[in-house]
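Beneath this line is the structure, given in C-alpha cells, with notes to follow.
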Amino acid sequence: MFIISRQRFVSIANGTRTVRGYATFASGDYVPAVLHLKGGQSFAGRSFGAPKSVFGETVFSTSITSYTESMTDPSYRHQILVFTTPMIGNYGVPKNTAPKDHHDVGVVLEASGIQCAGVVVADVAEQYSHHSAVESLAAWCQRHGVPAITGVDTRAVTRLLRDQGTTLGRLAIGQDAVGPAPEETEYWDPSADNLVAQVSTTKPYQLNPSGDVKIAVLDFGAKANILRALVRRNAAVTVFPWNYDFNKVRDQYDGLFLTNGPGAPTHCMEAAQILRKTMDEWDKPIFGICMGHQIIGIAAGLEAYRMTFGNRGHNQPVLALASSGSITAGRVYVTSQNHQYALTLQDPFPHGWEPFFINCNDSSVEGIKSTIESGKKIWGVQFHPESAGGPLDTIEMFTDFVDECRAIKARSTQSPMLDTRPLEPDAMIP
C-alpha cells in the first residue's frame, strides 16, 4: 500500500514502514499522479511534468547520471521511463543547441526533444545547480508535454518489472489519477507499431561534408552522439531514412553505419533484406549498433527475440570473444545499453560469422562479426560504444571503423603498379 503526502511518501510492505522526504519541494498546487501497471499494481505520487495522462511500455534504467541523454534517446520512444537512482534532476537541463560543423551535429543532447512518453522518479530535485543548466527537469518536461511523477518507490517498481518483465502501463495525472485503474484491454502496446518509422529522418541530409572519408548512415532512430562520434573523426556523413535502398548509391561511399532505434526489429525486415544484398555484393566496412546490430544479425541469418526486461543502464559488462581493432579477446568491457530485443545465440553460427561479445550477466549476444575467412569487414554490437552517458571502454570502435573505411579508400585509389600489399593484420577489423 502506498500513501502519498505533500512532503513525503510512506511505503508499507511486509509490516515495515518506510518514510522518506523529498529531495526538494517547490511551492505550488499539489497535483496527484498514479503509475498503473497492467499487472494490477498502482503507485501514487505527485505530478511534476505536463498535466496529461499517457499509456506506454514501462521500463527501468539503472543509469546513475545523464537523465537528460536517456530521456532524449529515440530508443525510449513511447516508453514510461523509471529511474532507479533515488534523486533525479539535481543538475537541471542544459540549452540543447549546438553548431553543425566538424565537431557538433546541432544538438547537445541525443535529440532535439524528449523522446520517452513519461518519467517516474523517487525524488525529483526541482532546485538544480550546474553551470550549463538553463531550466529544471520539471520545467523541461512541462515544456515538451511529457508527464512525470515523483514520490514513487522506484525500487518496488523495478523489482516488479524484473519479476514480470517489461510491462504496459499508464501514467495518470490530475483527475485521471483519482479514477480507477484502466481495464486490461485499455492498455496500449507501442511495440505493435513501427516506432523506427516515427523517429527516422524522412529525407537524406549531410553533416561535415568536407570530411576525408564518406560514410552513409541508416537512421533507425540515431542518438546524436553516434553522428557526433563519426563527425569528430573527420567523416563526411550522409544520413538516410531507415528503409532507403543503399544499394543504389553504395559505390559513392567508403562505409555504411546502422544506428540504434526503438521497438521490434521485425518491423524493419525491409531494411534487413536490402542489407543482405549489400553484404553479399559490397566489400566495404559495415558497422551496426543496437537496432543496427540486430538488423545485421537478421540479414546474416540469425533470429531476434524479445528479452524479459531488456538491458538499460550504464553498467552492463560484456566479454569480448574475439580480438578486432581496439578490442581484445578475453577482456571484459563495461558498456551503456538500452534495448528490449537481442539476437539468438546458436550453434553453429551462420557461415562466415562468429560471436563477438557476450553479456556477463545474462549470456545474451552482445556482438557479432564477420570471420577473417569471409573476407568481409562487418561487425555489430548491442551496446553503445559512444555512450552519452556511460563508460567509454569501447569508444575506440568508432576510430577502428573510420580508420578501416579510410584504409579501404586509400587502397582503392592507389594504382596496383604502385602498391599491391595487403593491409597489415593489426589495422584490419574483420
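Ordering of the C-alpha cells sets the chain letters (A, B, ...), residue numbers begin anew at 1 in every chain, and ligands are numbered from 1 in the order given.
Backbone DSSP over stretch 357-420 of chain A gives alpha helix (DSSP H) for Glu396, Met397, Phe398, Thr399, Asp400, Phe401, Val402, Asp403, Glu404, Cys405, Arg406, Ala407, Ile408, Lys409, Ala410, Arg411, Ser412 and Thr413 of chain A.
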Spatial neighbours of stretch 47-62 of chain A, max dist 6 Å, only C-alpha atoms, sep filter under 3 positions, as a JSON list (two decimals) with all heavy atoms, in the first residue's frame:
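File produced: around.json:
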```
[["chain", "number", "residue", "atom", "x", "y", "z"],
["A", 31, "VAL", "N", -0.60, 18.33, -7.44],
["A", 31, "VAL", "CA", -1.35, 17.61, -8.47],
["A", 31, "VAL", "C", -1.07, 16.12, -8.31],
["A", 31, "VAL", "O", 0.08, 15.68, -8.41],
["A", 31, "VAL", "CB", -0.94, 18.07, -9.89],
["A", 31, "VAL", "CG1", -1.72, 17.29, -10.95],
["A", 31, "VAL", "CG2", -1.17, 19.56, -10.05],
["A", 32, "PRO", "N", -2.09, 15.33, -8.04],
["A", 32, "PRO", "CA", -1.86, 13.89, -7.84],
["A", 32, "PRO", "C", -1.49, 13.19, -9.14],
["A", 32, "PRO", "O", -1.85, 13.64, -10.23],
["A", 32, "PRO", "CB", -3.21, 13.40, -7.30],
["A", 32, "PRO", "CG", -4.21, 14.36, -7.86],
["A", 32, "PRO", "CD", -3.51, 15.70, -7.90],
["A", 33, "ALA", "N", -0.76, 12.10, -9.01],
["A", 33, "ALA", "CA", -0.38, 11.29, -10.15],
["A", 33, "ALA", "C", -0.29, 9.83, -9.70],
["A", 33, "ALA", "O", 0.04, 9.55, -8.54],
["A", 33, "ALA", "CB", 0.96, 11.75, -10.72],
["A", 78, "HIS", "N", 7.92, 6.23, -26.75],
["A", 78, "HIS", "CA", 6.67, 5.70, -26.20],
["A", 78, "HIS", "C", 6.87, 4.81, -24.98],
["A", 78, "HIS", "O", 6.01, 3.97, -24.67],
["A", 78, "HIS", "CB", 5.87, 4.95, -27.27],
["A", 78, "HIS", "CG", 5.25, 5.85, -28.30],
["A", 78, "HIS", "ND1", 4.52, 6.98, -27.97],
["A", 78, "HIS", "CD2", 5.26, 5.79, -29.65],
["A", 78, "HIS", "CE1", 4.10, 7.57, -29.08],
["A", 78, "HIS", "NE2", 4.55, 6.88, -30.11],
["A", 79, "GLN", "N", 7.97, 4.99, -24.27],
["A", 79, "GLN", "CA", 8.20, 4.21, -23.05],
["A", 79, "GLN", "C", 8.10, 5.11, -21.82],
["A", 79, "GLN", "O", 8.51, 6.27, -21.85],
["A", 79, "GLN", "CB", 9.56, 3.52, -23.09],
["A", 79, "GLN", "CG", 9.62, 2.42, -24.16],
["A", 79, "GLN", "CD", 10.95, 1.69, -24.17],
["A", 79, "GLN", "OE1", 11.98, 2.25, -23.84],
["A", 79, "GLN", "NE2", 10.93, 0.43, -24.57],
["A", 80, "ILE", "N", 7.54, 4.56, -20.76],
["A", 80, "ILE", "CA", 7.48, 5.25, -19.46],
["A", 80, "ILE", "C", 8.75, 4.85, -18.72],
["A", 80, "ILE", "O", 8.92, 3.68, -18.36],
["A", 80, "ILE", "CB", 6.23, 4.86, -18.68],
["A", 80, "ILE", "CG1", 4.97, 5.26, -19.46],
["A", 80, "ILE", "CG2", 6.23, 5.51, -17.30],
["A", 80, "ILE", "CD1", 3.67, 4.77, -18.85],
["A", 81, "LEU", "N", 9.64, 5.80, -18.52],
["A", 81, "LEU", "CA", 10.99, 5.52, -18.04],
["A", 81, "LEU", "C", 11.08, 5.67, -16.53],
["A", 81, "LEU", "O", 10.87, 6.77, -15.99],
["A", 81, "LEU", "CB", 11.97, 6.46, -18.75],
["A", 81, "LEU", "CG", 13.45, 6.35, -18.41],
["A", 81, "LEU", "CD1", 13.97, 4.93, -18.60],
["A", 81, "LEU", "CD2", 14.26, 7.32, -19.27],
["A", 82, "VAL", "N", 11.41, 4.57, -15.86],
["A", 82, "VAL", "CA", 11.57, 4.56, -14.41],
["A", 82, "VAL", "C", 13.06, 4.62, -14.08],
["A", 82, "VAL", "O", 13.83, 3.74, -14.50],
["A", 82, "VAL", "CB", 10.96, 3.28, -13.79],
["A", 82, "VAL", "CG1", 11.15, 3.28, -12.26],
["A", 82, "VAL", "CG2", 9.49, 3.15, -14.15],
["A", 83, "PHE", "N", 13.49, 5.64, -13.36],
["A", 83, "PHE", "CA", 14.89, 5.77, -12.96],
["A", 83, "PHE", "C", 15.07, 5.13, -11.58],
["A", 83, "PHE", "O", 14.38, 5.48, -10.62],
["A", 83, "PHE", "CB", 15.31, 7.24, -12.90],
["A", 83, "PHE", "CG", 15.50, 7.87, -14.25],
["A", 83, "PHE", "CD1", 14.53, 8.72, -14.77],
["A", 83, "PHE", "CD2", 16.63, 7.63, -15.00],
["A", 83, "PHE", "CE1", 14.69, 9.31, -16.02],
["A", 83, "PHE", "CE2", 16.81, 8.21, -16.25],
["A", 83, "PHE", "CZ", 15.84, 9.05, -16.76],
["A", 84, "THR", "N", 16.02, 4.20, -11.48],
["A", 84, "THR", "CA", 16.27, 3.55, -10.20],
["A", 84, "THR", "C", 17.09, 4.43, -9.26],
["A", 84, "THR", "O", 17.06, 4.24, -8.05],
["A", 84, "THR", "CB", 17.00, 2.22, -10.39],
["A", 84, "THR", "OG1", 18.28, 2.45, -11.02],
["A", 84, "THR", "CG2", 16.19, 1.28, -11.27],
["A", 138, "ALA", "N", 11.57, 19.59, -14.16],
["A", 138, "ALA", "CA", 10.12, 19.79, -14.19],
["A", 138, "ALA", "C", 9.70, 20.74, -15.30],
["A", 138, "ALA", "O", 8.77, 20.46, -16.06],
["A", 138, "ALA", "CB", 9.64, 20.30, -12.82],
["A", 141, "CYS", "N", 10.10, 19.04, -18.75],
["A", 141, "CYS", "CA", 9.02, 18.09, -19.03],
["A", 141, "CYS", "C", 7.74, 18.82, -19.39],
["A", 141, "CYS", "O", 7.02, 18.44, -20.33],
["A", 141, "CYS", "CB", 8.79, 17.18, -17.83],
["A", 141, "CYS", "SG", 10.09, 15.94, -17.55],
["A", 142, "GLN", "N", 7.44, 19.88, -18.66],
["A", 142, "GLN", "CA", 6.23, 20.64, -18.94],
["A", 142, "GLN", "C", 6.29, 21.28, -20.32],
["A", 142, "GLN", "O", 5.30, 21.28, -21.07],
["A", 142, "GLN", "CB", 6.03, 21.69, -17.85],
["A", 142, "GLN", "CG", 5.71, 21.11, -16.48],
["A", 142, "GLN", "CD", 5.89, 22.11, -15.35],
["A", 142, "GLN", "OE1", 6.04, 23.31, -15.59],
["A", 142, "GLN", "NE2", 5.89, 21.63, -14.12],
["A", 145, "GLY", "N", 5.65, 18.70, -22.99],
["A", 145, "GLY", "CA", 4.40, 17.94, -22.90],
["A", 145, "GLY", "C", 4.57, 16.52, -22.41],
["A", 145, "GLY", "O", 3.82, 15.63, -22.83],
["A", 146, "VAL", "N", 5.53, 16.29, -21.53],
["A", 146, "VAL", "CA", 5.81, 14.95, -21.03],
["A", 146, "VAL", "C", 5.41, 14.85, -19.56],
["A", 146, "VAL", "O", 5.93, 15.59, -18.72],
["A", 146, "VAL", "CB", 7.31, 14.60, -21.19],
["A", 146, "VAL", "CG1", 7.63, 13.24, -20.56],
["A", 146, "VAL", "CG2", 7.70, 14.61, -22.66],
["A", 147, "PRO", "N", 4.49, 13.95, -19.20],
["A", 147, "PRO", "CA", 4.09, 13.81, -17.80],
["A", 147, "PRO", "C", 5.18, 13.14, -16.98],
["A", 147, "PRO", "O", 5.99, 12.37, -17.50],
["A", 147, "PRO", "CB", 2.84, 12.93, -17.88],
["A", 147, "PRO", "CG", 3.03, 12.14, -19.13],
["A", 147, "PRO", "CD", 3.76, 13.05, -20.09],
["A", 148, "ALA", "N", 5.20, 13.44, -15.68],
["A", 148, "ALA", "CA", 6.22, 12.87, -14.81],
["A", 148, "ALA", "C", 5.65, 12.76, -13.40],
["A", 148, "ALA", "O", 4.80, 13.57, -13.00],
["A", 148, "ALA", "CB", 7.48, 13.74, -14.81],
["A", 149, "ILE", "N", 6.14, 11.79, -12.64],
["A", 149, "ILE", "CA", 5.66, 11.54, -11.29],
["A", 149, "ILE", "C", 6.84, 11.37, -10.35],
["A", 149, "ILE", "O", 7.84, 10.73, -10.69],
["A", 149, "ILE", "CB", 4.74, 10.29, -11.26],
["A", 149, "ILE", "CG1", 4.22, 10.03, -9.84],
["A", 149, "ILE", "CG2", 5.46, 9.07, -11.79],
["A", 149, "ILE", "CD1", 3.20, 8.89, -9.77],
["A", 166, "THR", "N", 9.12, -6.43, -18.72],
["A", 166, "THR", "CA", 8.65, -5.12, -19.16],
["A", 166, "THR", "C", 7.13, -5.14, -19.28],
["A", 166, "THR", "O", 6.56, -6.06, -19.87],
["A", 166, "THR", "CB", 9.29, -4.76, -20.51],
["A", 166, "THR", "OG1", 10.70, -4.66, -20.33],
["A", 166, "THR", "CG2", 8.75, -3.44, -21.04],
["A", 167, "THR", "N", 6.46, -4.14, -18.69],
["A", 167, "THR", "CA", 5.02, -4.17, -18.51],
["A", 167, "THR", "C", 4.38, -2.91, -19.09],
["A", 167, "THR", "O", 4.91, -1.81, -18.95],
["A", 167, "THR", "CB", 4.68, -4.27, -17.00],
["A", 167, "THR", "OG1", 5.30, -5.44, -16.47],
["A", 167, "THR", "CG2", 3.18, -4.36, -16.78],
["A", 168, "LEU", "N", 3.23, -3.09, -19.71],
["A", 168, "LEU", "CA", 2.48, -1.94, -20.18],
["A", 168, "LEU", "C", 1.96, -1.14, -18.99],
["A", 168, "LEU", "O", 1.65, -1.71, -17.93],
["A", 168, "LEU", "CB", 1.31, -2.38, -21.06],
["A", 168, "LEU", "CG", 1.68, -3.18, -22.32],
["A", 168, "LEU", "CD1", 0.43, -3.52, -23.12],
["A", 168, "LEU", "CD2", 2.67, -2.41, -23.17],
["A", 169, "GLY", "N", 1.89, 0.17, -19.13],
["A", 169, "GLY", "CA", 1.47, 0.99, -18.02],
["A", 169, "GLY", "C", 0.74, 2.24, -18.46],
["A", 169, "GLY", "O", 0.63, 2.55, -19.65],
["A", 170, "ARG", "N", 0.21, 2.93, -17.47],
["A", 170, "ARG", "CA", -0.41, 4.23, -17.71],
["A", 170, "ARG", "C", 0.03, 5.19, -16.62],
["A", 170, "ARG", "O", 0.00, 4.85, -15.43],
["A", 170, "ARG", "CB", -1.93, 4.15, -17.71],
["A", 170, "ARG", "CG", -2.57, 5.47, -18.18],
["A", 170, "ARG", "CD", -4.04, 5.56, -17.88],
["A", 170, "ARG", "NE", -4.63, 6.71, -18.61],
["A", 170, "ARG", "CZ", -5.73, 7.34, -18.23],
["A", 170, "ARG", "NH1", -6.37, 6.97, -17.13],
["A", 170, "ARG", "NH2", -6.20, 8.34, -18.94],
["A", 171, "LEU", "N", 0.44, 6.36, -17.01],
["A", 171, "LEU", "CA", 0.77, 7.43, -16.08],
["A", 171, "LEU", "C", -0.44, 8.36, -16.06],
["A", 171, "LEU", "O", -0.71, 9.07, -17.04],
["A", 171, "LEU", "CB", 2.03, 8.15, -16.54],
["A", 171, "LEU", "CG", 2.76, 9.03, -15.51],
["A", 171, "LEU", "CD1", 3.00, 8.27, -14.21],
["A", 171, "LEU", "CD2", 4.09, 9.49, -16.08],
["A", 172, "ALA", "N", -1.20, 8.29, -14.95],
["A", 172, "ALA", "CA", -2.44, 9.07, -14.83],
["A", 172, "ALA", "C", -2.16, 10.33, -14.01],
["A", 172, "ALA", "O", -1.60, 10.26, -12.92],
["A", 172, "ALA", "CB", -3.51, 8.24, -14.17],
["A", 173, "ILE", "N", -2.58, 11.48, -14.53],
["A", 173, "ILE", "CA", -2.28, 12.77, -13.92],
["A", 173, "ILE", "C", -3.58, 13.51, -13.60],
["A", 173, "ILE", "O", -4.55, 13.47, -14.36],
["A", 173, "ILE", "CB", -1.42, 13.65, -14.86],
["A", 173, "ILE", "CG1", -0.18, 12.88, -15.32],
["A", 173, "ILE", "CG2", -1.04, 14.96, -14.18],
["A", 173, "ILE", "CD1", 0.78, 12.51, -14.22],
["A", 312, "ARG", "N", 19.02, -1.94, -19.73],
["A", 312, "ARG", "CA", 19.03, -0.48, -19.84],
["A", 312, "ARG", "C", 19.84, 0.08, -18.68],
["A", 312, "ARG", "O", 19.47, -0.12, -17.52],
["A", 312, "ARG", "CB", 17.60, 0.08, -19.82],
["A", 312, "ARG", "CG", 16.75, -0.39, -21.01],
["A", 312, "ARG", "CD", 15.33, 0.12, -20.92],
["A", 312, "ARG", "NE", 14.56, -0.34, -22.06],
["A", 312, "ARG", "CZ", 13.91, -1.49, -22.12],
["A", 312, "ARG", "NH1", 13.94, -2.31, -21.07],
["A", 312, "ARG", "NH2", 13.23, -1.82, -23.19],
["A", 313, "GLY", "N", 20.91, 0.76, -18.99],
["A", 313, "GLY", "CA", 21.76, 1.33, -17.96],
["A", 313, "GLY", "C", 23.16, 1.55, -18.48],
["A", 313, "GLY", "O", 23.46, 1.30, -19.66]]
```
**Message:** For A:Pro74, find every residue with an atom within 12 Å (counting only C-alpha atoms), except residues of its own chain fewer than 3 positions away, and show them as a ChimeraX atom specification.
**Reply:** /A:69-71,77-79,109-117,195-201,219-225,259-263,290-291,338-339
Surrounding residues of A:Ser336 excluding itself and chain neighbours under 2 positions, 6 Å, only C-alpha atoms, as an mmCIF file with C-alpha atoms, in the first residue's frame:
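Now in result12.cif:
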```
data_model
loop_
_atom_site.group_PDB
_atom_site.id
_atom_site.type_symbol
_atom_site.label_atom_id
_atom_site.label_comp_id
_atom_site.auth_asym_id
_atom_site.auth_seq_id
_atom_site.Cartn_x
_atom_site.Cartn_y
_atom_site.Cartn_z
ATOM 1 C CA GLY A 313 21.765 1.328 -17.958
ATOM 2 C CA HIS A 314 25.412 2.345 -17.984
ATOM 3 C CA PHE A 383 25.707 -1.861 -26.654
ATOM 4 C CA HIS A 384 26.550 1.807 -27.269
ATOM 5 C CA SER A 387 27.764 6.090 -24.514
ATOM 6 C CA GLY A 390 28.135 5.983 -19.625
#
```
**Prompt:** Can you list, as a VMD selection string, every residue of stretch 211-350 of chain A that DSSP puts in strand (DSSP E)?
**Reply:** chain A and resid 213 to 219 235 to 241 255 to 258 286 to 289 304 to 320 332 to 343
**Long-range neighbours of A:Gly380 as a list of chain:residue names, 9 Å cut-off, only C-alpha atoms, 4 positions minimum in chain** =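 Near neighbours after the sequence-gap exclusion: A:Leu258, A:Ile286, A:Phe287, A:Gly288, A:Ile289, A:Cys290, A:Gly292, A:His293, A:Gln294, A:Ile296, A:Gly297, A:Phe356, A:Glu366, A:Gly367, A:Ile368, A:Lys369.
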Please produce a file of the residues just selected, as an mmCIF file, in the first residue's frame, where the atoms kept are N, CA, C and O atoms.
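The result, written out as out.cif:
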```cif
data_model
loop_
_atom_site.group_PDB
_atom_site.id
_atom_site.type_symbol
_atom_site.label_atom_id
_atom_site.label_comp_id
_atom_site.auth_asym_id
_atom_site.auth_seq_id
_atom_site.Cartn_x
_atom_site.Cartn_y
_atom_site.Cartn_z
ATOM 1 N N LEU A 258 24.855 1.533 -39.331
ATOM 2 C CA LEU A 258 23.461 1.330 -38.972
ATOM 3 C C LEU A 258 23.283 1.705 -37.498
ATOM 4 O O LEU A 258 23.989 1.184 -36.630
ATOM 5 N N ILE A 286 31.096 -2.277 -42.719
ATOM 6 C CA ILE A 286 29.739 -2.043 -42.224
ATOM 7 C C ILE A 286 29.758 -2.212 -40.710
ATOM 8 O O ILE A 286 30.304 -3.189 -40.193
ATOM 9 N N PHE A 287 29.153 -1.258 -40.002
ATOM 10 C CA PHE A 287 29.134 -1.286 -38.545
ATOM 11 C C PHE A 287 27.722 -0.967 -38.081
ATOM 12 O O PHE A 287 27.091 -0.036 -38.581
ATOM 13 N N GLY A 288 27.199 -1.755 -37.127
ATOM 14 C CA GLY A 288 25.862 -1.521 -36.598
ATOM 15 C C GLY A 288 25.857 -1.499 -35.087
ATOM 16 O O GLY A 288 26.602 -2.230 -34.436
ATOM 17 N N ILE A 289 24.998 -0.650 -34.519
ATOM 18 C CA ILE A 289 24.851 -0.518 -33.065
ATOM 19 C C ILE A 289 23.396 -0.735 -32.690
ATOM 20 O O ILE A 289 22.493 -0.192 -33.335
ATOM 21 N N CYS A 290 23.153 -1.532 -31.647
ATOM 22 C CA CYS A 290 21.827 -1.725 -31.075
ATOM 23 C C CYS A 290 20.852 -2.264 -32.139
ATOM 24 O O CYS A 290 20.988 -3.397 -32.570
ATOM 25 N N GLY A 292 20.739 -1.484 -35.217
ATOM 26 C CA GLY A 292 21.566 -1.761 -36.388
ATOM 27 C C GLY A 292 22.264 -3.100 -36.287
ATOM 28 O O GLY A 292 22.402 -3.833 -37.278
ATOM 29 N N HIS A 293 22.711 -3.452 -35.088
ATOM 30 C CA HIS A 293 23.323 -4.753 -34.822
ATOM 31 C C HIS A 293 22.320 -5.878 -35.071
ATOM 32 O O HIS A 293 22.653 -6.917 -35.683
ATOM 33 N N GLN A 294 21.086 -5.695 -34.631
ATOM 34 C CA GLN A 294 20.057 -6.713 -34.835
ATOM 35 C C GLN A 294 19.711 -6.870 -36.309
ATOM 36 O O GLN A 294 19.482 -7.992 -36.789
ATOM 37 N N ILE A 296 21.748 -6.333 -38.824
ATOM 38 C CA ILE A 296 22.867 -7.075 -39.418
ATOM 39 C C ILE A 296 22.711 -8.563 -39.127
ATOM 40 O O ILE A 296 22.895 -9.414 -40.010
ATOM 41 N N GLY A 297 22.375 -8.902 -37.870
ATOM 42 C CA GLY A 297 22.210 -10.305 -37.499
ATOM 43 C C GLY A 297 21.100 -10.984 -38.276
ATOM 44 O O GLY A 297 21.263 -12.121 -38.745
ATOM 45 N N PHE A 356 30.928 -12.022 -31.205
ATOM 46 C CA PHE A 356 31.967 -11.039 -30.912
ATOM 47 C C PHE A 356 32.003 -10.723 -29.412
ATOM 48 O O PHE A 356 33.056 -10.682 -28.791
ATOM 49 N N GLU A 366 25.978 -9.959 -27.398
ATOM 50 C CA GLU A 366 26.250 -8.518 -27.353
ATOM 51 C C GLU A 366 27.010 -8.024 -28.576
ATOM 52 O O GLU A 366 27.284 -6.832 -28.691
ATOM 53 N N GLY A 367 27.366 -8.942 -29.477
ATOM 54 C CA GLY A 367 28.073 -8.519 -30.674
ATOM 55 C C GLY A 367 28.318 -9.688 -31.603
ATOM 56 O O GLY A 367 28.442 -10.836 -31.166
ATOM 57 N N ILE A 368 28.357 -9.399 -32.887
ATOM 58 C CA ILE A 368 28.713 -10.388 -33.895
ATOM 59 C C ILE A 368 29.688 -9.741 -34.871
ATOM 60 O O ILE A 368 29.771 -8.518 -34.963
ATOM 61 N N LYS A 369 30.436 -10.573 -35.604
ATOM 62 C CA LYS A 369 31.360 -10.052 -36.603
ATOM 63 C C LYS A 369 31.551 -11.065 -37.706
ATOM 64 O O LYS A 369 31.372 -12.271 -37.505
#
```
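Of note, atom CA of A:Tyr205 and atom CA of A:Val239 are spaced 5.4 Å apart.
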**Residues within 6 Å of A:Tyr341, only C-alpha atoms, excluding chain neighbours under 6 positions, as an NGL selection string** = :A and (305-307)
How about saving the chosen residues, all heavy atoms kept, as a PDB file, in the first residue's frame?
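After the write, out.pdb holds the following:
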```
ATOM      1  N   TYR A 305      14.914 -12.059 -30.629  1.00  0.00           N
ATOM      2  CA  TYR A 305      13.846 -12.401 -29.689  1.00  0.00           C
ATOM      3  C   TYR A 305      13.677 -11.273 -28.677  1.00  0.00           C
ATOM      4  O   TYR A 305      14.578 -10.462 -28.463  1.00  0.00           O
ATOM      5  CB  TYR A 305      14.160 -13.717 -28.967  1.00  0.00           C
ATOM      6  CG  TYR A 305      15.319 -13.633 -27.992  1.00  0.00           C
ATOM      7  CD1 TYR A 305      15.107 -13.426 -26.620  1.00  0.00           C
ATOM      8  CD2 TYR A 305      16.648 -13.753 -28.436  1.00  0.00           C
ATOM      9  CE1 TYR A 305      16.171 -13.344 -25.736  1.00  0.00           C
ATOM     10  CE2 TYR A 305      17.711 -13.681 -27.557  1.00  0.00           C
ATOM     11  CZ  TYR A 305      17.462 -13.472 -26.208  1.00  0.00           C
ATOM     12  OH  TYR A 305      18.518 -13.374 -25.330  1.00  0.00           O
ATOM     13  N   ARG A 306      12.505 -11.250 -28.047  1.00  0.00           N
ATOM     14  CA  ARG A 306      12.196 -10.240 -27.046  1.00  0.00           C
ATOM     15  C   ARG A 306      12.676 -10.720 -25.677  1.00  0.00           C
ATOM     16  O   ARG A 306      12.285 -11.794 -25.215  1.00  0.00           O
ATOM     17  CB  ARG A 306      10.698  -9.964 -27.009  1.00  0.00           C
ATOM     18  CG  ARG A 306      10.277  -8.876 -26.026  1.00  0.00           C
ATOM     19  CD  ARG A 306       8.751  -8.708 -26.025  1.00  0.00           C
ATOM     20  NE  ARG A 306       8.320  -7.780 -24.991  1.00  0.00           N
ATOM     21  CZ  ARG A 306       8.201  -6.471 -25.156  1.00  0.00           C
ATOM     22  NH1 ARG A 306       8.464  -5.926 -26.333  1.00  0.00           N
ATOM     23  NH2 ARG A 306       7.796  -5.694 -24.167  1.00  0.00           N
ATOM     24  N   MET A 307      13.506  -9.932 -25.008  1.00  0.00           N
ATOM     25  CA  MET A 307      14.006 -10.274 -23.691  1.00  0.00           C
ATOM     26  C   MET A 307      12.930  -9.992 -22.630  1.00  0.00           C
ATOM     27  O   MET A 307      11.978  -9.250 -22.889  1.00  0.00           O
ATOM     28  CB  MET A 307      15.275  -9.473 -23.373  1.00  0.00           C
ATOM     29  CG  MET A 307      16.367  -9.632 -24.410  1.00  0.00           C
ATOM     30  SD  MET A 307      17.797  -8.566 -24.102  1.00  0.00           S
ATOM     31  CE  MET A 307      18.561  -9.419 -22.715  1.00  0.00           C
TER      32      MET A 307
END
```
**Contacts of A:Val332 at 7 Å (only C-alpha atoms; same-chain gap of 5+ positions) as a PyMOL selection string** = chain A and resi 317-320
Using C-alpha atoms, can you export the residues from the last selection as a PDB file, in the first residue's frame?
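Once written, again-v4.pdb looks like this:
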```
ATOM      1  CA  PRO A 317      29.605  -5.905 -18.526  1.00  0.00           C
ATOM      2  CA  VAL A 318      30.335  -7.683 -21.807  1.00  0.00           C
ATOM      3  CA  LEU A 319      33.052 -10.242 -22.560  1.00  0.00           C
ATOM      4  CA  ALA A 320      34.953  -9.978 -25.851  1.00  0.00           C
TER       5      ALA A 320
END
```
